[in-house]
$ cat run_31.cif   # mmCIF, C-alpha atoms
data_protein
#
loop_
_atom_site.label_atom_id
_atom_site.label_comp_id
_atom_site.auth_asym_id
_atom_site.auth_seq_id
_atom_site.Cartn_x
_atom_site.Cartn_y
_atom_site.Cartn_z
CA MET A 1176 -39.28 192.14 -113.30
CA THR A 1177 -40.80 195.21 -114.96
CA PHE A 1178 -44.09 196.41 -113.48
CA ILE A 1179 -46.73 197.16 -116.13
CA LYS A 1180 -50.18 198.41 -115.12
CA THR A 1181 -52.38 196.34 -117.42
CA THR A 1182 -55.37 197.77 -115.53
CA GLU A 1183 -54.53 201.16 -117.07
CA GLN A 1184 -53.79 200.03 -120.62
CA ASP A 1185 -55.94 201.23 -123.50
CA SER A 1186 -59.20 199.39 -124.12
CA LYS A 1187 -59.24 197.03 -127.10
CA TYR A 1188 -62.42 198.85 -128.15
CA ASN A 1189 -62.70 202.38 -129.47
CA HIS A 1190 -65.41 204.88 -130.42
CA LEU A 1191 -67.63 203.50 -127.67
CA GLU A 1192 -69.96 206.46 -128.05
CA LYS A 1193 -70.79 205.30 -131.59
CA MET A 1194 -71.85 201.81 -130.49
CA THR A 1195 -75.49 200.82 -130.05
CA ALA A 1196 -76.58 199.71 -126.57
CA ASN A 1197 -76.58 196.13 -127.88
CA GLU A 1198 -72.98 196.41 -129.11
CA VAL A 1199 -71.84 197.91 -125.81
CA LEU A 1200 -73.51 195.14 -123.81
CA ILE A 1201 -72.16 192.33 -126.02
CA ASN A 1202 -68.63 193.71 -125.82
CA ILE A 1203 -68.76 194.18 -122.03
CA ASN A 1204 -70.09 190.64 -121.67
CA ASN A 1205 -67.30 189.28 -123.89
CA GLU A 1206 -64.71 190.98 -121.69
CA ASP A 1207 -66.40 189.76 -118.51
CA LYS A 1208 -66.10 186.15 -119.74
CA ARG A 1209 -62.32 186.46 -119.38
CA VAL A 1210 -62.50 187.07 -115.63
CA PRO A 1211 -63.20 183.54 -114.27
CA LEU A 1212 -60.40 182.16 -116.46
CA ALA A 1213 -58.00 184.70 -114.98
CA VAL A 1214 -59.15 183.76 -111.47
CA GLU A 1215 -58.59 180.07 -112.28
CA LYS A 1216 -54.91 180.77 -112.98
CA SER A 1217 -54.62 182.25 -109.49
CA LEU A 1218 -56.18 179.32 -107.61
CA PRO A 1219 -52.83 178.13 -106.15
CA GLN A 1220 -52.23 181.61 -104.66
CA ILE A 1221 -55.80 181.77 -103.35
CA GLU A 1222 -55.45 178.34 -101.73
CA ILE A 1223 -52.24 179.27 -99.91
CA LEU A 1224 -53.75 182.46 -98.50
CA THR A 1225 -57.01 180.72 -97.54
CA ASN A 1226 -55.10 178.10 -95.55
CA GLU A 1227 -53.27 180.87 -93.69
CA ILE A 1228 -56.58 182.58 -92.87
CA VAL A 1229 -58.12 179.35 -91.56
CA LYS A 1230 -55.11 178.80 -89.30
CA LYS A 1231 -55.36 182.30 -87.85
CA LEU A 1232 -59.12 182.20 -87.30
CA LYS A 1233 -58.93 178.76 -85.69
CA SER A 1234 -56.38 180.24 -83.26
CA GLY A 1235 -58.72 183.06 -82.24
CA GLY A 1236 -57.55 185.68 -84.73
CA ARG A 1237 -59.54 187.91 -87.06
CA LEU A 1238 -59.51 188.58 -90.80
CA PHE A 1239 -59.17 192.18 -91.99
CA TYR A 1240 -59.73 193.48 -95.52
CA ILE A 1241 -58.30 196.93 -96.25
CA GLY A 1242 -58.73 198.88 -99.47
CA ALA A 1243 -59.73 202.16 -101.11
CA GLY A 1244 -62.54 203.01 -103.53
CA THR A 1245 -64.10 200.03 -105.31
CA SER A 1246 -61.61 197.63 -103.72
CA GLY A 1247 -62.41 198.91 -100.24
CA ARG A 1248 -66.15 198.67 -100.87
CA LEU A 1249 -65.81 195.07 -102.04
CA GLY A 1250 -63.91 194.18 -98.87
CA VAL A 1251 -66.55 195.86 -96.69
CA LEU A 1252 -69.28 194.03 -98.62
CA ASP A 1253 -67.69 190.61 -98.15
CA ALA A 1254 -67.03 191.24 -94.46
CA SER A 1255 -70.57 192.50 -93.83
CA GLU A 1256 -72.11 189.39 -95.39
CA CYS A 1257 -70.23 186.91 -93.17
CA PRO A 1258 -72.34 187.36 -89.99
CA PRO A 1259 -75.76 186.83 -91.63
CA THR A 1260 -74.53 184.03 -93.89
CA PHE A 1261 -72.38 182.08 -91.44
CA GLY A 1262 -73.60 183.26 -88.03
CA VAL A 1263 -70.18 184.60 -87.01
CA SER A 1264 -69.43 187.70 -84.95
CA HIS A 1265 -69.21 191.07 -86.71
CA GLU A 1266 -65.69 191.27 -85.28
CA LEU A 1267 -64.42 188.10 -87.01
CA VAL A 1268 -64.18 189.51 -90.54
CA VAL A 1269 -63.68 193.29 -90.71
CA GLY A 1270 -63.69 195.50 -93.79
CA ILE A 1271 -61.81 198.81 -93.67
CA ILE A 1272 -62.07 201.43 -96.41
CA ALA A 1273 -59.91 204.52 -96.92
CA GLY A 1274 -61.87 207.58 -95.83
CA GLY A 1275 -64.04 205.63 -93.38
CA ASP A 1276 -67.61 204.41 -93.76
CA ILE A 1277 -68.72 207.58 -95.59
CA ALA A 1278 -66.47 206.42 -98.47
CA ILE A 1279 -68.70 203.37 -98.99
CA ARG A 1280 -71.23 205.71 -100.63
CA LYS A 1281 -69.19 208.77 -101.66
CA ALA A 1282 -65.61 209.02 -102.86
CA VAL A 1283 -63.39 210.72 -100.26
CA GLU A 1284 -60.78 212.91 -101.96
CA ASN A 1285 -57.14 211.82 -101.58
CA ALA A 1286 -58.01 209.17 -98.95
CA GLU A 1287 -56.14 206.48 -100.87
CA ASP A 1288 -52.95 208.55 -101.02
CA SER A 1289 -52.22 208.57 -97.28
CA LYS A 1290 -49.19 206.53 -96.22
CA THR A 1291 -50.12 206.62 -92.52
CA GLN A 1292 -53.90 206.35 -92.24
CA GLY A 1293 -54.20 202.67 -93.19
CA TRP A 1294 -52.15 201.54 -90.21
CA LEU A 1295 -54.02 203.98 -87.92
CA ASP A 1296 -57.33 202.52 -89.12
CA LEU A 1297 -56.09 199.00 -88.32
CA GLN A 1298 -54.82 200.11 -84.91
CA ALA A 1299 -58.31 201.42 -84.10
CA HIS A 1300 -59.35 197.74 -84.10
CA LYS A 1301 -56.47 196.78 -81.77
CA ILE A 1302 -54.84 194.73 -84.52
CA SER A 1303 -52.30 192.15 -83.31
CA ASN A 1304 -50.18 189.32 -84.68
CA LYS A 1305 -53.05 186.93 -83.94
CA ASP A 1306 -54.85 188.55 -86.91
CA ILE A 1307 -54.36 188.44 -90.68
CA VAL A 1308 -54.72 191.40 -93.07
CA ILE A 1309 -55.53 191.33 -96.79
CA GLY A 1310 -54.84 194.47 -98.81
CA ILE A 1311 -57.09 194.93 -101.85
CA ALA A 1312 -56.13 197.23 -104.74
CA ALA A 1313 -56.82 196.59 -108.42
CA SER A 1314 -53.76 198.58 -109.51
CA GLY A 1315 -51.55 197.20 -106.75
CA THR A 1316 -50.18 200.72 -106.22
CA THR A 1317 -52.51 202.33 -103.63
CA PRO A 1318 -50.33 204.00 -100.93
CA TYR A 1319 -53.01 203.65 -98.21
CA VAL A 1320 -53.04 199.86 -98.65
CA ILE A 1321 -49.33 199.24 -99.31
CA SER A 1322 -48.19 201.26 -96.29
CA ALA A 1323 -50.71 199.46 -94.06
CA LEU A 1324 -49.32 196.07 -95.11
CA GLU A 1325 -45.74 197.24 -94.61
CA LYS A 1326 -46.57 198.25 -91.02
CA CYS A 1327 -48.27 194.89 -90.48
CA ASN A 1328 -45.12 193.14 -91.66
CA GLU A 1329 -43.03 195.21 -89.22
CA ASN A 1330 -45.37 194.06 -86.44
CA THR A 1331 -45.28 190.36 -87.43
CA ILE A 1332 -48.87 190.38 -88.67
CA ILE A 1333 -49.45 188.05 -91.63
CA THR A 1334 -50.40 189.87 -94.83
CA GLY A 1335 -52.06 188.90 -98.10
CA SER A 1336 -53.17 190.92 -101.10
CA ILE A 1337 -55.55 190.87 -104.06
CA SER A 1338 -54.57 192.88 -107.12
CA CYS A 1339 -54.97 192.74 -110.89
CA ASN A 1340 -51.46 193.57 -112.10
CA LYS A 1341 -48.40 191.33 -112.16
CA ASN A 1342 -45.47 192.15 -109.84
CA SER A 1343 -47.07 195.21 -108.30
CA PRO A 1344 -45.74 197.08 -105.25
CA LEU A 1345 -48.70 195.66 -103.28
CA SER A 1346 -47.69 192.09 -104.17
CA SER A 1347 -44.16 192.90 -102.98
CA ALA A 1348 -45.54 194.18 -99.67
CA ALA A 1349 -47.74 191.10 -99.08
CA GLN A 1350 -46.44 187.81 -97.75
CA PHE A 1351 -49.20 185.93 -99.61
CA PRO A 1352 -50.11 187.89 -102.77
CA ILE A 1353 -52.91 187.00 -105.18
CA GLU A 1354 -52.66 188.45 -108.70
CA VAL A 1355 -55.61 188.10 -111.08
CA VAL A 1356 -54.55 189.67 -114.37
CA VAL A 1357 -57.72 190.49 -116.31
CA GLY A 1358 -56.16 192.84 -118.88
CA SER A 1359 -57.38 196.23 -120.06
CA GLU A 1360 -60.90 197.36 -119.23
CA PHE A 1361 -63.71 197.99 -121.75
CA VAL A 1362 -63.64 201.63 -120.63
CA THR A 1363 -59.92 202.40 -120.29
CA GLY A 1364 -58.85 202.41 -116.64
CA SER A 1365 -62.32 201.68 -115.22
CA SER A 1366 -61.15 199.00 -112.81
CA ARG A 1367 -64.57 198.75 -111.15
CA MET A 1368 -65.41 196.53 -114.14
CA LYS A 1369 -63.32 193.38 -114.82
CA ALA A 1370 -60.86 194.02 -111.99
CA GLY A 1371 -63.71 194.64 -109.55
CA THR A 1372 -65.47 191.48 -110.71
CA ALA A 1373 -62.26 189.49 -110.25
CA GLN A 1374 -61.80 190.84 -106.72
CA LYS A 1375 -65.42 190.02 -105.85
CA LEU A 1376 -64.99 186.44 -107.09
CA VAL A 1377 -61.78 185.97 -105.10
CA LEU A 1378 -63.33 187.42 -101.93
CA ASN A 1379 -66.35 185.10 -102.31
CA MET A 1380 -63.97 182.16 -102.62
CA ILE A 1381 -61.79 183.14 -99.67
CA SER A 1382 -64.59 183.82 -97.18
CA THR A 1383 -66.74 180.86 -98.24
CA ALA A 1384 -63.87 178.36 -98.27
CA THR A 1385 -62.68 179.68 -94.91
CA MET A 1386 -66.11 179.36 -93.30
CA ILE A 1387 -66.56 175.84 -94.69
CA ARG A 1388 -63.19 174.87 -93.22
CA LEU A 1389 -64.30 176.39 -89.91
CA GLY A 1390 -67.36 174.10 -89.87
CA LYS A 1391 -69.99 176.76 -90.64
CA ILE A 1392 -71.67 174.66 -93.36
CA LYS A 1393 -73.30 171.22 -92.98
CA GLY A 1394 -73.59 169.23 -96.20
CA ASN A 1395 -74.14 172.24 -98.44
CA LYS A 1396 -76.42 174.21 -96.13
CA MET A 1397 -75.94 177.45 -94.16
CA ILE A 1398 -76.99 176.00 -90.82
CA ASP A 1399 -75.55 178.95 -88.88
CA MET A 1400 -77.21 181.70 -90.96
CA GLN A 1401 -79.05 184.44 -89.10
CA LEU A 1402 -82.80 184.11 -89.63
CA SER A 1403 -83.29 187.84 -90.04
CA ASN A 1404 -86.30 187.94 -92.37
CA SER A 1405 -89.28 185.77 -93.35
CA LYS A 1406 -87.55 184.35 -96.44
CA LEU A 1407 -84.61 183.14 -94.34
CA VAL A 1408 -86.89 181.80 -91.59
CA GLU A 1409 -88.74 179.73 -94.19
CA ARG A 1410 -85.44 178.55 -95.70
CA GLY A 1411 -84.30 177.53 -92.23
CA GLN A 1412 -87.52 175.62 -91.59
CA ILE A 1413 -87.24 173.70 -94.86
CA MET A 1414 -83.56 172.98 -94.22
CA LEU A 1415 -84.35 171.67 -90.74
CA ALA A 1416 -87.35 169.62 -91.89
CA ASN A 1417 -85.22 167.92 -94.56
CA GLU A 1418 -82.30 167.33 -92.20
CA LEU A 1419 -84.42 165.76 -89.45
CA SER A 1420 -87.15 164.19 -91.66
CA ILE A 1421 -89.88 166.09 -89.84
CA ASP A 1422 -92.65 168.31 -91.19
CA GLN A 1423 -92.17 172.05 -91.63
CA SER A 1424 -94.58 173.00 -88.84
CA GLU A 1425 -92.53 170.98 -86.33
CA ALA A 1426 -89.37 172.56 -87.73
CA ALA A 1427 -90.94 176.01 -87.24
CA VAL A 1428 -91.55 175.28 -83.56
CA LEU A 1429 -87.95 174.14 -83.07
CA ILE A 1430 -86.50 177.21 -84.78
CA GLU A 1431 -88.79 179.51 -82.80
CA LYS A 1432 -87.50 177.86 -79.61
CA TYR A 1433 -83.79 177.47 -80.39
CA GLY A 1434 -83.09 180.41 -82.71
CA ASN A 1435 -81.31 178.80 -85.64
CA VAL A 1436 -80.90 175.57 -87.59
CA ARG A 1437 -77.74 174.28 -85.89
CA ASN A 1438 -79.14 174.70 -82.35
CA SER A 1439 -82.41 173.09 -83.40
CA ILE A 1440 -80.63 170.02 -84.83
CA LYS A 1441 -78.52 169.70 -81.69
CA HIS A 1442 -81.45 169.89 -79.26
CA TYR A 1443 -83.65 167.62 -81.39
CA ASN A 1444 -80.94 164.95 -81.60
CA ASN A 1445 -80.26 165.19 -77.87
CA GLY A 1446 -83.94 164.65 -77.18
CA HIS A 1447 -84.29 161.60 -79.44
#
$ encode --input "run_31.cif" --output "structure tokens"
Amino acid sequence: MTFIKTTEQDSKYNHLEKMTANEVLININNEDKRVPLAVEKSLPQIEILTNEIVKKLKSGGRLFYIGAGTSGRLGVLDASECPPTFGVSHELVVGIIAGGDIAIRKAVENAEDSKTQGWLDLQAHKISNKDIVIGIAASGTTPYVISALEKCNENTIITGSISCNKNSPLSSAAQFPIEVVVGSEFVTGSSRMKAGTAQKLVLNMISTATMIRLGKIKGNKMIDMQLSNSKLVERGQIMLANELSIDQSEAAVLIEKYGNVRNSIKHYNNGH
């Protein structure tokens, strides 16, 4: 099938500089409304990849996201939020960005064009076929990401991808591709907009569904979250008080003693 980069096609809007702020905002919002509908069409692909991730993590493997630019930053963001939200190790979900951590804040010239560095960056984490790697690239054409997945395939490491064009080279390189086709951007080619939003939604879905399947949520509560500030400590106390039908002051004592909500529930139940 012919590969067309819809992410690079001309915006449906023109003369943006002549629009009022209100017109710009309304038009951006109208375009953004298309994103969840595009994600919905990809749910079967997302489900298949999520099931593969759960299998790998249950067997002691790790999940890697690898990308460049906006896509890389989104992967790093999702990975970095897993430990505080779900109480997992920082090594369980790892985000890798072309150009290294400096590229999270500042674009690193030509980093995405390397056909060798992606695999080297994965090797620095002692990647093995126990792990699973998801390449993220809105265009689906980023050499850094594609070449990394190709090397993973050669080394029997399961690969997935998230892109926003149909039938891209990245999808061909991935064993479990996800394609969320959001169409042209409001500002032509600015894939940090709808494409970035689509990738963020898919990453939220993948990591959250995976952690739920791994037993990191009870009911609908984050009982393994790290209580790293006063807001989260209070949330944990309320969660525990509701779960055990005790008052918040008693919950506070338990959390102070046992460190988090799950441990507090376990010790309370063992003592009663």
$ resolve_selection --input "run_31.cif" --expression "the PyMOL selection byres ((chain A and resi 1360) around 8)" --output "NGL selection string"
:A and (1182-1186 or 1206 or 1358-1359 or 1361-1366 or 1368-1370)
$ write_last_selection --input "run_31.cif" --atoms "C-alpha atoms" --output "mmCIF file, in the frame of the given file"
data_model
loop_
_atom_site.group_PDB
_atom_site.id
_atom_site.type_symbol
_atom_site.label_atom_id
_atom_site.label_comp_id
_atom_site.auth_asym_id
_atom_site.auth_seq_id
_atom_site.Cartn_x
_atom_site.Cartn_y
_atom_site.Cartn_z
ATOM 1 C CA THR A 1182 -55.370 197.770 -115.530
ATOM 2 C CA GLU A 1183 -54.530 201.160 -117.070
ATOM 3 C CA GLN A 1184 -53.790 200.030 -120.620
ATOM 4 C CA ASP A 1185 -55.940 201.230 -123.500
ATOM 5 C CA SER A 1186 -59.200 199.390 -124.120
ATOM 6 C CA GLU A 1206 -64.710 190.980 -121.690
ATOM 7 C CA GLY A 1358 -56.160 192.840 -118.880
ATOM 8 C CA SER A 1359 -57.380 196.230 -120.060
ATOM 9 C CA PHE A 1361 -63.710 197.990 -121.750
ATOM 10 C CA VAL A 1362 -63.640 201.630 -120.630
ATOM 11 C CA THR A 1363 -59.920 202.400 -120.290
ATOM 12 C CA GLY A 1364 -58.850 202.410 -116.640
ATOM 13 C CA SER A 1365 -62.320 201.680 -115.220
ATOM 14 C CA SER A 1366 -61.150 199.000 -112.810
ATOM 15 C CA MET A 1368 -65.410 196.530 -114.140
ATOM 16 C CA LYS A 1369 -63.320 193.380 -114.820
ATOM 17 C CA ALA A 1370 -60.860 194.020 -111.990
#
$ closest_atom_pairs --input "run_31.cif" --of "range 1183-1243 of chain A" --to "range 1309-1326 of chain A" --cutoff "7 Å" --atoms "all atoms listed in the file" --output "Markdown table"
| residue | atom | partner | partner_atom | distance |
| --- | --- | --- | --- | --- |
| A:Phe1239 | CA | A:Ile1309 | CA | 6.1 |
| A:Tyr1240 | CA | A:Ile1309 | CA | 4.9 |
| A:Ile1241 | CA | A:Gly1310 | CA | 5.0 |
| A:Gly1242 | CA | A:Ile1311 | CA | 4.9 |
$ residues_near_point --input "run_31.cif" --point "(-61.8, 190.7, -88.6)" --cutoff "12 Å" --atoms "all atoms listed in the file" --output "PDB file with C-alpha atoms, in the frame of the given file"
ATOM      1  CA  ILE A1228     -56.580 182.580 -92.870  1.00  0.00           C
ATOM      2  CA  LYS A1231     -55.360 182.300 -87.850  1.00  0.00           C
ATOM      3  CA  LEU A1232     -59.120 182.200 -87.300  1.00  0.00           C
ATOM      4  CA  GLY A1235     -58.720 183.060 -82.240  1.00  0.00           C
ATOM      5  CA  GLY A1236     -57.550 185.680 -84.730  1.00  0.00           C
ATOM      6  CA  ARG A1237     -59.540 187.910 -87.060  1.00  0.00           C
ATOM      7  CA  LEU A1238     -59.510 188.580 -90.800  1.00  0.00           C
ATOM      8  CA  PHE A1239     -59.170 192.180 -91.990  1.00  0.00           C
ATOM      9  CA  TYR A1240     -59.730 193.480 -95.520  1.00  0.00           C
ATOM     10  CA  ILE A1241     -58.300 196.930 -96.250  1.00  0.00           C
ATOM     11  CA  GLY A1250     -63.910 194.180 -98.870  1.00  0.00           C
ATOM     12  CA  VAL A1251     -66.550 195.860 -96.690  1.00  0.00           C
ATOM     13  CA  ASP A1253     -67.690 190.610 -98.150  1.00  0.00           C
ATOM     14  CA  ALA A1254     -67.030 191.240 -94.460  1.00  0.00           C
ATOM     15  CA  SER A1255     -70.570 192.500 -93.830  1.00  0.00           C
ATOM     16  CA  CYS A1257     -70.230 186.910 -93.170  1.00  0.00           C
ATOM     17  CA  PRO A1258     -72.340 187.360 -89.990  1.00  0.00           C
ATOM     18  CA  VAL A1263     -70.180 184.600 -87.010  1.00  0.00           C
ATOM     19  CA  SER A1264     -69.430 187.700 -84.950  1.00  0.00           C
ATOM     20  CA  HIS A1265     -69.210 191.070 -86.710  1.00  0.00           C
ATOM     21  CA  GLU A1266     -65.690 191.270 -85.280  1.00  0.00           C
ATOM     22  CA  LEU A1267     -64.420 188.100 -87.010  1.00  0.00           C
ATOM     23  CA  VAL A1268     -64.180 189.510 -90.540  1.00  0.00           C
ATOM     24  CA  VAL A1269     -63.680 193.290 -90.710  1.00  0.00           C
ATOM     25  CA  GLY A1270     -63.690 195.500 -93.790  1.00  0.00           C
ATOM     26  CA  ILE A1271     -61.810 198.810 -93.670  1.00  0.00           C
ATOM     27  CA  LEU A1297     -56.090 199.000 -88.320  1.00  0.00           C
ATOM     28  CA  HIS A1300     -59.350 197.740 -84.100  1.00  0.00           C
ATOM     29  CA  LYS A1301     -56.470 196.780 -81.770  1.00  0.00           C
ATOM     30  CA  ILE A1302     -54.840 194.730 -84.520  1.00  0.00           C
ATOM     31  CA  SER A1303     -52.300 192.150 -83.310  1.00  0.00           C
ATOM     32  CA  LYS A1305     -53.050 186.930 -83.940  1.00  0.00           C
ATOM     33  CA  ASP A1306     -54.850 188.550 -86.910  1.00  0.00           C
ATOM     34  CA  ILE A1307     -54.360 188.440 -90.680  1.00  0.00           C
ATOM     35  CA  VAL A1308     -54.720 191.400 -93.070  1.00  0.00           C
ATOM     36  CA  ILE A1309     -55.530 191.330 -96.790  1.00  0.00           C
ATOM     37  CA  SER A1382     -64.590 183.820 -97.180  1.00  0.00           C
TER      38      SER A1382
END
$ axis_aligned_box --input "run_31.cif" --around "range 1220-1225 of chain A" --padding-each-side "8 Å" --output "AutoDock Vina command-line options"
--center_x -54.6 --center_y 180.4 --center_z -101.1 --size_x 20.8 --size_y 20.1 --size_z 23.1
$ residues_around --input "run_31.cif" --residues "Gly1390 in chain A" --least-positions-apart "5" --cutoff "10 Å" --atoms "all atoms listed in the file" --output "JSON, numbers by chain"
{"A": [1261, 1385, 1398, 1399]}
